[in-house]
Protein chains: 2
Amino acid sequence: MHGAQAALPMVALARRARLASRTLAQSSSSDRDRALWAAAAALRTSSAAILEANAQDLAVSQAKDSFRDRLTLTPERVEAMARGLEDIADLPDPVGQVRDEWTRPNGLRIRRVSTPVGVIGVIYESRPNVGADAAGLCIKSGNAVLLRGGSESLHSARAIHAAMQEGLRAAGLPEDAVLIAPDADRRHVADMLGAAGLVDLIIPRGGRGLVERVQSEARVPVLAHAEGLCHTYVHAAADPAMARRIVLNAKMRRVGICGATETLLLDAAIAPSLLPQIVADLSEKGCAFKADAQARAIVPELPAGNEEDFGTEWLDAILNVAVVNGVDDALDHIARYGSSHTEAIVTSDEATAIRFMNGVSSAVVMWNASTQFCDGGEFGFGAEIGIATGRFHARGPVGVEQLTTFRYEVIGNGQVRS
Amino acid sequence: MHGAQAALPMVALARRARLASRTLAQSSSSDRDRALWAAAAALRTSSAAILEANAQDLAVSQAKDSFRDRLTLTPERVEAMARGLEDIADLPDPVGQVRDEWTRPNGLRIRRVSTPVGVIGVIYESRPNVGADAAGLCIKSGNAVLLRGGSESLHSARAIHAAMQEGLRAAGLPEDAVLIAPDADRRHVADMLGAAGLVDLIIPRGGRGLVERVQSEARVPVLAHAEGLCHTYVHAAADPAMARRIVLNAKMRRVGICGATETLLLDAAIAPSLLPQIVADLSEKGCAFKADAQARAIVPELPAGNEEDFGTEWLDAILNVAVVNGVDDALDHIARYGSSHTEAIVTSDEATAIRFMNGVSSAVVMWNASTQFCDGGEFGFGAEIGIATGRFHARGPVGVEQLTTFRYEVIGNGQVRS
């Protein structure tokens, strides 16, 4: 099927995206916003075509239950995608912001200015709306985007992509700023991961298998959400009522999101009185437990948890429980089992809170708040493309500002270096 | 030689460094500065031992000329290393700085605080002083460092390392915060590059071969200086005297540094009058040229340059010269041949300068200044570990601030998410 010319279609697409990215990087904020508004309108006017394409995908899909639900589009979901693009358009321009500025003794003015990244590759699985969201965030931040959707949502993804390109055309921007893999050939992923110099950043959106493959194979930087094995540590000086409220919310508000607490670390000094109450609160909502020996000594009916349990991101109504002896013990536990995503401490003692916040390597650390607040909307970022768990560039919620990088602009009046 | 236990000595060292990094991340700025002062003192008191170790290295080295010079230590160079550590100690603390702060409608206070990266792996070649500089910058920024020096400088590097550990001990900090590969086995490099989860960042300091190997093999983030193929574009509206002064400095001040201009892009409108003068200025200083056809039409004695020349980082007294038709043509040339390091425009026209600055993807862009200003000292960063040419995290000069990352601290009073 593949001739010599068409051997690496993704590389050819990446080259086109690279060229378009240069135009986009110099485009005005108003043109990019116009493209988003026009794309939203195009999604609405092509709603019937998008739903028909989606019906084609569903007809051949083997997916069941929640996987099938993720793949399914409805008129309401198409409208939500359109509204999402308009919300992105309403955000402040993340490009060209002066983040820092100073003048050197020789008169050189140096400023750090936010700039688009260039070409962003987004590899996603079944949810077709990811294509619209990702394209919207990339256009807003002046980046070209190369999409590679899953095989299950191929027709839906193409129909959405057509609307995005219609938006770009309407604003006079190059339609190559949003490109999509021509089919679901798996080697398109490998080609994207190896396209150093053409693709500047890869964002995988999907399950652990996809993320791990991308992280291990990519030859370009990856902004990935690995695991969210979040801890809530209730210190001896915690307000008990606040602790109960926060633990209940941190675990049970939504159990399937990455910011959900997976492990409760309870200080030995407060555990005898507090653990039975927390167990009662959460049991009532249907939570199960995996507890260490100290916790089981206090509430004997708790099932025993092992090493593996404490290292498991349940994403379910299951809470690991360990009793710890002070903040250092809690920090040791987190260093051993944590995933550097989000941790929380509940305490009324400021010195302990500071010690805890300085002692974790996580992207986000909460003091007297629920770990479920780790979210772009809750941070005030507007739309987000995910949560980053790496140590660099964006950590935590990734919104449009996190899809920019920066350059130094050095402005002189003829200075030469001595 | 290697038993099962000792199979991966670098991984064992990385684990120790990881543990030490937790202590260092929580250490006070004054303790870290004390360690730097004590390490400087230790370098001075062990100067004789360091020079003796260096003599051992030199005795077996096959290196000649400039390579031998890089390897050679003198009392003055040991003193310069010590002074370098003291200069680093004098810098402001880069850790714990609040870089951004805002309050959400629900009362949550969110702040972005600079934090150490964790464990930084530094892979370097012959210059033994890199070990002291890198360790100093890492200690200052609260990071543990794992050093892997070249085989040529093994004894010198070990002697320097001993002084660094003496400094850490004197300040009550863990000596595992600065560790060094036990020998020059090449697989230590591979082990470091694969130590995801133990090493957070790799910085290669050396020639192109080393950097390319690290970039292609690393399974952890890399902060690397690839190429510095810098351009200076002289626009039609440039002040001719300023243009001559800047081009001369940008090319000839020091030809071997990465911020040296390799290619002059001269606007067609100004080339007939200016090119002969620039050629005369630079020829007088011993510069050779590789020129395109348009430039040779103006100064026929210029040797012809080809595609390969325009893509070559000479690091020598050779200047590529191309005549371009306006700023877009200049931007096209840079997009094709540039390495995203540093570019400069000389012009008195602000709109063109802005267009140029927005149109390059480089880490640093200069307006009316010499590209040779791309330097941590010139930027006011104090000491630097190198220039980063990637698109993320640190771009341009890498000083202590660039060896930090950040966390979000979210401070509530019991908020739960609805």
# chains A, B, ... in the order shown; residues from 1 in each chain; ligands from 1
>>> residues_around(residues="stretch 301-315 of chain B", least_positions_apart="4", cutoff="12 Å", atoms="only C-alpha atoms", output="compact mmCIF listing (two decimals) with all heavy atoms, in the first residue's frame")
# COMPACT_ATOMS: atom_id res chain seq x y z
N ARG B 208 29.93 17.37 20.53
CA ARG B 208 28.72 17.00 19.83
C ARG B 208 28.41 15.51 19.94
O ARG B 208 27.24 15.11 20.07
CB ARG B 208 28.91 17.38 18.37
CG ARG B 208 27.66 17.39 17.58
CD ARG B 208 27.92 18.16 16.30
NE ARG B 208 26.83 17.92 15.37
CZ ARG B 208 26.67 18.59 14.25
NH1 ARG B 208 27.54 19.53 13.93
NH2 ARG B 208 25.66 18.35 13.44
N ALA B 226 22.93 21.85 22.09
CA ALA B 226 23.23 21.19 20.83
C ALA B 226 24.11 22.14 20.02
O ALA B 226 25.28 22.32 20.35
CB ALA B 226 21.95 20.82 20.10
N GLU B 227 23.57 22.77 19.02
CA GLU B 227 24.39 23.61 18.17
C GLU B 227 24.08 25.08 18.38
O GLU B 227 22.98 25.45 18.77
CB GLU B 227 24.07 23.30 16.71
CG GLU B 227 24.95 22.25 16.10
CD GLU B 227 24.69 22.21 14.61
OE1 GLU B 227 23.52 22.07 14.22
OE2 GLU B 227 25.65 22.34 13.85
N GLY B 228 25.02 25.92 18.09
CA GLY B 228 24.80 27.36 18.11
C GLY B 228 25.09 27.92 16.73
O GLY B 228 26.13 28.51 16.49
N LEU B 229 24.12 27.70 15.82
CA LEU B 229 24.31 28.23 14.46
C LEU B 229 23.57 29.57 14.41
O LEU B 229 22.42 29.65 13.99
CB LEU B 229 23.78 27.23 13.43
CG LEU B 229 24.49 27.31 12.07
CD1 LEU B 229 24.25 26.06 11.26
CD2 LEU B 229 24.16 28.56 11.30
N CYS B 230 24.24 30.61 14.90
CA CYS B 230 23.59 31.91 15.10
C CYS B 230 23.71 32.79 13.86
O CYS B 230 24.71 32.76 13.16
CB CYS B 230 24.24 32.61 16.29
SG CYS B 230 24.25 31.61 17.78
N HIS B 231 22.66 33.56 13.65
CA HIS B 231 22.60 34.47 12.50
C HIS B 231 22.53 35.92 12.97
O HIS B 231 21.88 36.21 13.97
CB HIS B 231 21.34 34.21 11.67
CG HIS B 231 21.29 32.84 11.08
ND1 HIS B 231 20.96 31.72 11.81
CD2 HIS B 231 21.52 32.40 9.81
CE1 HIS B 231 21.00 30.65 11.03
NE2 HIS B 231 21.33 31.02 9.82
N ALA B 250 30.16 40.14 16.77
CA ALA B 250 29.37 38.90 16.82
C ALA B 250 30.14 37.73 16.23
O ALA B 250 30.03 36.60 16.69
CB ALA B 250 28.05 39.09 16.08
N LYS B 251 30.95 38.01 15.19
CA LYS B 251 31.74 36.94 14.59
C LYS B 251 33.08 36.77 15.27
O LYS B 251 33.48 35.66 15.60
CB LYS B 251 31.95 37.22 13.10
CG LYS B 251 32.86 36.22 12.37
CD LYS B 251 32.17 34.89 12.14
CE LYS B 251 32.80 33.71 12.81
NZ LYS B 251 32.10 32.45 12.54
N MET B 252 33.81 37.86 15.49
CA MET B 252 35.25 37.74 15.77
C MET B 252 35.67 37.91 17.23
O MET B 252 36.82 37.61 17.55
CB MET B 252 36.02 38.74 14.91
CG MET B 252 35.89 38.49 13.41
SD MET B 252 36.45 36.83 12.88
CE MET B 252 38.22 36.95 13.20
N ARG B 253 34.80 38.39 18.12
CA ARG B 253 35.25 38.60 19.50
C ARG B 253 35.85 37.31 20.04
O ARG B 253 36.98 37.28 20.51
CB ARG B 253 34.09 39.04 20.39
CG ARG B 253 34.49 39.16 21.86
CD ARG B 253 33.30 39.46 22.76
NE ARG B 253 33.63 39.06 24.12
CZ ARG B 253 33.42 37.86 24.62
NH1 ARG B 253 32.86 36.92 23.87
NH2 ARG B 253 33.78 37.57 25.85
N ARG B 254 35.07 36.24 20.01
CA ARG B 254 35.62 34.90 20.26
C ARG B 254 34.91 33.99 19.29
O ARG B 254 33.68 33.87 19.34
CB ARG B 254 35.36 34.46 21.71
CG ARG B 254 36.36 35.06 22.69
CD ARG B 254 36.11 34.57 24.11
NE ARG B 254 36.28 33.13 24.25
CZ ARG B 254 35.92 32.44 25.34
NH1 ARG B 254 35.36 33.07 26.36
NH2 ARG B 254 36.11 31.15 25.40
N VAL B 255 35.66 33.38 18.41
CA VAL B 255 35.01 32.60 17.34
C VAL B 255 34.55 31.23 17.82
O VAL B 255 33.70 30.60 17.20
CB VAL B 255 35.95 32.43 16.11
CG1 VAL B 255 36.27 33.79 15.51
CG2 VAL B 255 37.21 31.66 16.48
N GLY B 256 35.08 30.75 18.95
CA GLY B 256 34.80 29.38 19.37
C GLY B 256 33.64 29.22 20.33
O GLY B 256 33.39 28.11 20.80
N ILE B 257 32.93 30.29 20.65
CA ILE B 257 31.81 30.14 21.59
C ILE B 257 30.51 29.96 20.82
O ILE B 257 30.38 30.39 19.68
CB ILE B 257 31.71 31.32 22.59
CG1 ILE B 257 31.30 32.62 21.88
CG2 ILE B 257 33.02 31.51 23.34
CD1 ILE B 257 30.95 33.73 22.86
N CYS B 258 29.55 29.35 21.50
CA CYS B 258 28.32 28.97 20.80
C CYS B 258 27.50 30.19 20.38
O CYS B 258 26.71 30.10 19.45
CB CYS B 258 27.48 28.03 21.65
SG CYS B 258 27.01 28.72 23.25
N GLY B 259 27.68 31.33 21.04
CA GLY B 259 26.94 32.52 20.68
C GLY B 259 27.58 33.32 19.55
O GLY B 259 27.07 34.37 19.18
N ALA B 260 28.68 32.83 19.01
CA ALA B 260 29.31 33.52 17.88
C ALA B 260 28.42 33.41 16.65
O ALA B 260 27.85 32.36 16.39
CB ALA B 260 30.69 32.92 17.59
N THR B 261 28.31 34.49 15.91
CA THR B 261 27.52 34.47 14.67
C THR B 261 28.25 33.64 13.62
O THR B 261 29.45 33.80 13.41
CB THR B 261 27.30 35.90 14.17
OG1 THR B 261 26.31 36.52 15.00
CG2 THR B 261 26.82 35.93 12.72
N GLU B 262 27.50 32.75 12.98
CA GLU B 262 28.10 31.93 11.91
C GLU B 262 27.70 32.43 10.54
O GLU B 262 28.39 32.19 9.56
CB GLU B 262 27.68 30.46 12.06
CG GLU B 262 28.05 29.82 13.39
CD GLU B 262 29.55 29.64 13.59
OE1 GLU B 262 30.34 30.10 12.73
OE2 GLU B 262 29.95 29.06 14.62
N THR B 263 26.53 33.08 10.48
CA THR B 263 26.02 33.52 9.18
C THR B 263 25.53 34.96 9.27
O THR B 263 24.77 35.31 10.16
CB THR B 263 24.85 32.63 8.71
OG1 THR B 263 25.32 31.29 8.54
CG2 THR B 263 24.28 33.11 7.38
N LEU B 264 26.00 35.76 8.30
CA LEU B 264 25.52 37.13 8.14
C LEU B 264 24.46 37.14 7.05
O LEU B 264 24.71 36.66 5.93
CB LEU B 264 26.69 38.04 7.74
CG LEU B 264 26.31 39.44 7.24
CD1 LEU B 264 25.70 40.28 8.36
CD2 LEU B 264 27.54 40.14 6.64
N LEU B 265 23.28 37.65 7.38
CA LEU B 265 22.24 37.85 6.38
C LEU B 265 22.15 39.35 6.14
O LEU B 265 21.88 40.12 7.08
CB LEU B 265 20.89 37.32 6.90
CG LEU B 265 20.89 35.83 7.25
CD1 LEU B 265 19.58 35.44 7.93
CD2 LEU B 265 21.14 34.98 6.02
N LEU B 275 28.41 45.56 2.34
CA LEU B 275 29.16 44.30 2.31
C LEU B 275 30.67 44.52 2.13
O LEU B 275 31.46 43.92 2.86
CB LEU B 275 28.59 43.36 1.24
CG LEU B 275 29.28 41.99 1.16
CD1 LEU B 275 29.23 41.27 2.51
CD2 LEU B 275 28.63 41.12 0.08
N PRO B 276 31.09 45.39 1.19
CA PRO B 276 32.54 45.58 1.04
C PRO B 276 33.20 46.05 2.34
O PRO B 276 34.30 45.61 2.68
CB PRO B 276 32.64 46.67 -0.04
CG PRO B 276 31.37 46.52 -0.83
CD PRO B 276 30.32 46.15 0.18
N ILE B 278 32.09 45.46 5.49
CA ILE B 278 32.11 44.36 6.47
C ILE B 278 33.20 43.36 6.11
O ILE B 278 33.93 42.88 6.98
CB ILE B 278 30.72 43.70 6.54
CG1 ILE B 278 29.73 44.66 7.23
CG2 ILE B 278 30.79 42.36 7.26
CD1 ILE B 278 28.29 44.15 7.25
N VAL B 279 33.33 43.07 4.81
CA VAL B 279 34.38 42.14 4.39
C VAL B 279 35.75 42.69 4.75
O VAL B 279 36.62 41.96 5.26
CB VAL B 279 34.26 41.86 2.87
CG1 VAL B 279 35.50 41.13 2.35
CG2 VAL B 279 33.00 41.04 2.57
N ALA B 280 35.93 43.98 4.56
CA ALA B 280 37.23 44.59 4.91
C ALA B 280 37.48 44.52 6.41
O ALA B 280 38.57 44.13 6.86
CB ALA B 280 37.25 46.05 4.43
N SER B 283 38.09 40.78 7.32
CA SER B 283 39.31 40.24 6.68
C SER B 283 40.54 40.68 7.45
O SER B 283 41.49 39.93 7.65
CB SER B 283 39.42 40.72 5.24
OG SER B 283 38.37 40.21 4.46
N CYS B 287 39.36 36.83 9.14
CA CYS B 287 38.17 36.03 8.87
C CYS B 287 38.10 35.61 7.41
O CYS B 287 38.42 36.38 6.52
CB CYS B 287 36.92 36.83 9.24
SG CYS B 287 35.41 35.85 9.19
N ALA B 288 37.66 34.37 7.19
CA ALA B 288 37.39 33.88 5.83
C ALA B 288 35.88 33.90 5.60
O ALA B 288 35.11 34.06 6.54
CB ALA B 288 37.95 32.48 5.66
N PHE B 289 35.46 33.69 4.36
CA PHE B 289 34.04 33.84 4.01
C PHE B 289 33.56 32.68 3.15
O PHE B 289 34.33 32.05 2.43
CB PHE B 289 33.82 35.16 3.26
CG PHE B 289 34.20 36.37 4.07
CD1 PHE B 289 35.51 36.85 4.05
CD2 PHE B 289 33.27 37.00 4.88
CE1 PHE B 289 35.88 37.95 4.82
CE2 PHE B 289 33.64 38.11 5.65
CZ PHE B 289 34.94 38.58 5.62
N LYS B 290 32.25 32.41 3.26
CA LYS B 290 31.54 31.50 2.35
C LYS B 290 30.30 32.26 1.91
O LYS B 290 29.40 32.49 2.74
CB LYS B 290 31.11 30.23 3.09
CG LYS B 290 32.26 29.45 3.72
CD LYS B 290 32.95 28.60 2.68
CE LYS B 290 34.00 27.70 3.34
NZ LYS B 290 34.64 26.84 2.32
N ALA B 291 30.25 32.67 0.67
CA ALA B 291 29.22 33.63 0.26
C ALA B 291 28.29 33.05 -0.80
O ALA B 291 28.70 32.21 -1.61
CB ALA B 291 29.89 34.89 -0.26
N ASP B 292 27.05 33.51 -0.80
CA ASP B 292 26.11 33.08 -1.83
C ASP B 292 26.32 33.92 -3.10
O ASP B 292 27.14 34.85 -3.12
CB ASP B 292 24.66 33.12 -1.33
CG ASP B 292 24.10 34.54 -1.24
OD1 ASP B 292 24.87 35.52 -1.41
OD2 ASP B 292 22.89 34.68 -0.99
N ALA B 293 25.59 33.58 -4.15
CA ALA B 293 25.83 34.21 -5.45
C ALA B 293 25.60 35.71 -5.41
O ALA B 293 26.39 36.48 -5.99
CB ALA B 293 24.93 33.55 -6.50
N GLN B 294 24.53 36.15 -4.70
CA GLN B 294 24.25 37.58 -4.66
C GLN B 294 25.37 38.35 -3.97
O GLN B 294 25.72 39.45 -4.38
CB GLN B 294 22.93 37.84 -3.93
CG GLN B 294 21.69 37.65 -4.81
CD GLN B 294 20.42 38.07 -4.06
OE1 GLN B 294 19.81 37.25 -3.38
NE2 GLN B 294 20.07 39.35 -4.16
N ALA B 295 25.92 37.76 -2.93
CA ALA B 295 27.02 38.43 -2.23
C ALA B 295 28.26 38.48 -3.11
O ALA B 295 28.98 39.48 -3.16
CB ALA B 295 27.33 37.71 -0.92
N ARG B 296 28.48 37.39 -3.85
CA ARG B 296 29.66 37.34 -4.73
C ARG B 296 29.50 38.29 -5.92
O ARG B 296 30.51 38.72 -6.50
CB ARG B 296 29.93 35.92 -5.19
CG ARG B 296 30.31 35.01 -4.00
CD ARG B 296 30.57 33.58 -4.44
NE ARG B 296 31.79 33.51 -5.21
CZ ARG B 296 31.93 32.81 -6.33
NH1 ARG B 296 30.91 32.13 -6.81
NH2 ARG B 296 33.08 32.79 -6.95
N ALA B 297 28.27 38.61 -6.26
CA ALA B 297 28.06 39.59 -7.33
C ALA B 297 28.52 40.97 -6.87
O ALA B 297 28.93 41.81 -7.68
CB ALA B 297 26.59 39.62 -7.73
N LEU B 319 32.92 33.12 8.08
CA LEU B 319 31.57 33.68 8.12
C LEU B 319 30.82 33.31 6.84
O LEU B 319 31.30 33.58 5.73
CB LEU B 319 31.64 35.21 8.25
CG LEU B 319 30.29 35.95 8.33
CD1 LEU B 319 29.57 35.64 9.64
CD2 LEU B 319 30.50 37.46 8.17
N ASN B 320 29.64 32.71 6.99
CA ASN B 320 28.74 32.53 5.85
C ASN B 320 28.08 33.87 5.58
O ASN B 320 27.68 34.57 6.52
CB ASN B 320 27.65 31.51 6.17
CG ASN B 320 28.21 30.14 6.51
OD1 ASN B 320 29.09 29.63 5.82
ND2 ASN B 320 27.68 29.54 7.57
N VAL B 321 27.92 34.20 4.32
CA VAL B 321 27.26 35.46 3.96
C VAL B 321 26.19 35.19 2.91
O VAL B 321 26.47 34.57 1.88
CB VAL B 321 28.27 36.48 3.38
CG1 VAL B 321 27.56 37.79 3.06
CG2 VAL B 321 29.43 36.71 4.34
N ALA B 322 24.97 35.63 3.20
CA ALA B 322 23.89 35.53 2.22
C ALA B 322 23.19 36.87 2.12
O ALA B 322 22.98 37.55 3.12
CB ALA B 322 22.90 34.45 2.61
N HIS B 333 15.46 31.83 5.76
CA HIS B 333 16.82 31.29 5.83
C HIS B 333 17.10 30.71 7.23
O HIS B 333 17.62 29.61 7.37
CB HIS B 333 17.84 32.39 5.51
CG HIS B 333 19.26 31.90 5.50
ND1 HIS B 333 19.98 31.70 4.34
CD2 HIS B 333 20.08 31.51 6.52
CE1 HIS B 333 21.18 31.22 4.65
NE2 HIS B 333 21.27 31.13 5.97
N ILE B 334 16.71 31.46 8.25
CA ILE B 334 16.96 31.01 9.63
C ILE B 334 16.15 29.75 9.95
O ILE B 334 16.65 28.82 10.58
CB ILE B 334 16.65 32.15 10.63
CG1 ILE B 334 17.67 33.28 10.44
CG2 ILE B 334 16.65 31.64 12.07
CD1 ILE B 334 17.32 34.57 11.16
N ALA B 335 14.90 29.70 9.47
CA ALA B 335 14.08 28.50 9.72
C ALA B 335 14.72 27.28 9.08
O ALA B 335 14.65 26.17 9.61
CB ALA B 335 12.66 28.70 9.18
N ARG B 336 15.37 27.50 7.96
CA ARG B 336 15.96 26.37 7.23
C ARG B 336 17.28 25.91 7.83
O ARG B 336 17.53 24.72 7.94
CB ARG B 336 16.19 26.83 5.78
CG ARG B 336 16.71 25.74 4.89
CD ARG B 336 16.46 26.13 3.45
NE ARG B 336 17.00 25.15 2.53
CZ ARG B 336 17.05 25.35 1.21
NH1 ARG B 336 16.60 26.47 0.71
NH2 ARG B 336 17.55 24.42 0.43
N TYR B 337 18.12 26.84 8.22
CA TYR B 337 19.48 26.47 8.63
C TYR B 337 19.75 26.66 10.13
O TYR B 337 20.75 26.18 10.64
CB TYR B 337 20.51 27.31 7.86
CG TYR B 337 20.48 27.11 6.37
CD1 TYR B 337 19.96 28.07 5.52
CD2 TYR B 337 21.01 25.93 5.80
CE1 TYR B 337 19.93 27.89 4.14
CE2 TYR B 337 20.99 25.75 4.43
CZ TYR B 337 20.45 26.73 3.60
OH TYR B 337 20.44 26.55 2.24
N GLY B 338 18.89 27.38 10.82
CA GLY B 338 19.19 27.76 12.20
C GLY B 338 19.11 26.60 13.18
O GLY B 338 18.56 25.54 12.87
N SER B 339 19.65 26.83 14.37
CA SER B 339 19.61 25.79 15.41
C SER B 339 18.84 26.27 16.63
O SER B 339 18.97 25.71 17.71
CB SER B 339 21.04 25.41 15.81
OG SER B 339 21.67 26.52 16.43
N HIS B 341 19.19 28.78 18.56
CA HIS B 341 20.04 29.24 19.67
C HIS B 341 19.86 30.75 19.83
O HIS B 341 19.07 31.20 20.65
CB HIS B 341 21.49 28.85 19.35
CG HIS B 341 22.48 29.07 20.45
ND1 HIS B 341 22.81 30.31 20.91
CD2 HIS B 341 23.24 28.20 21.16
CE1 HIS B 341 23.71 30.20 21.88
NE2 HIS B 341 23.99 28.92 22.05
>>> interface_residues(of="chain B", to="chain A", cutoff="8 Å", atoms="only C-alpha atoms", output="number ranges by chain")
B: 22, 25-26, 104, 110, 117-118, 200, 216, 219, 221, 242-243, 245-246, 249-250, 253, 355, 357-359, 361-370, 372-373, 378-380, 391-393, 395-396, 405-418
>>> select_by_dssp(residues="stretch 87-332 of chain B", states="alpha helix (DSSP H)", output="number ranges by chain")
B: 87-90, 129-140, 154-170, 187-193, 208-217, 240-252, 271-284, 293-298, 307-310, 327-332
>>> atom_distance(atom1="atom CA of A:Ser21", atom2="atom CA of A:Ala53")
28.6 Å
>>> residues_around(residues="A:His161", least_positions_apart="4", cutoff="9 Å", atoms="only C-alpha atoms", output="VMD selection string")
chain A and resid 131 to 132 135 147 156 to 157 165 to 166 178 to 180
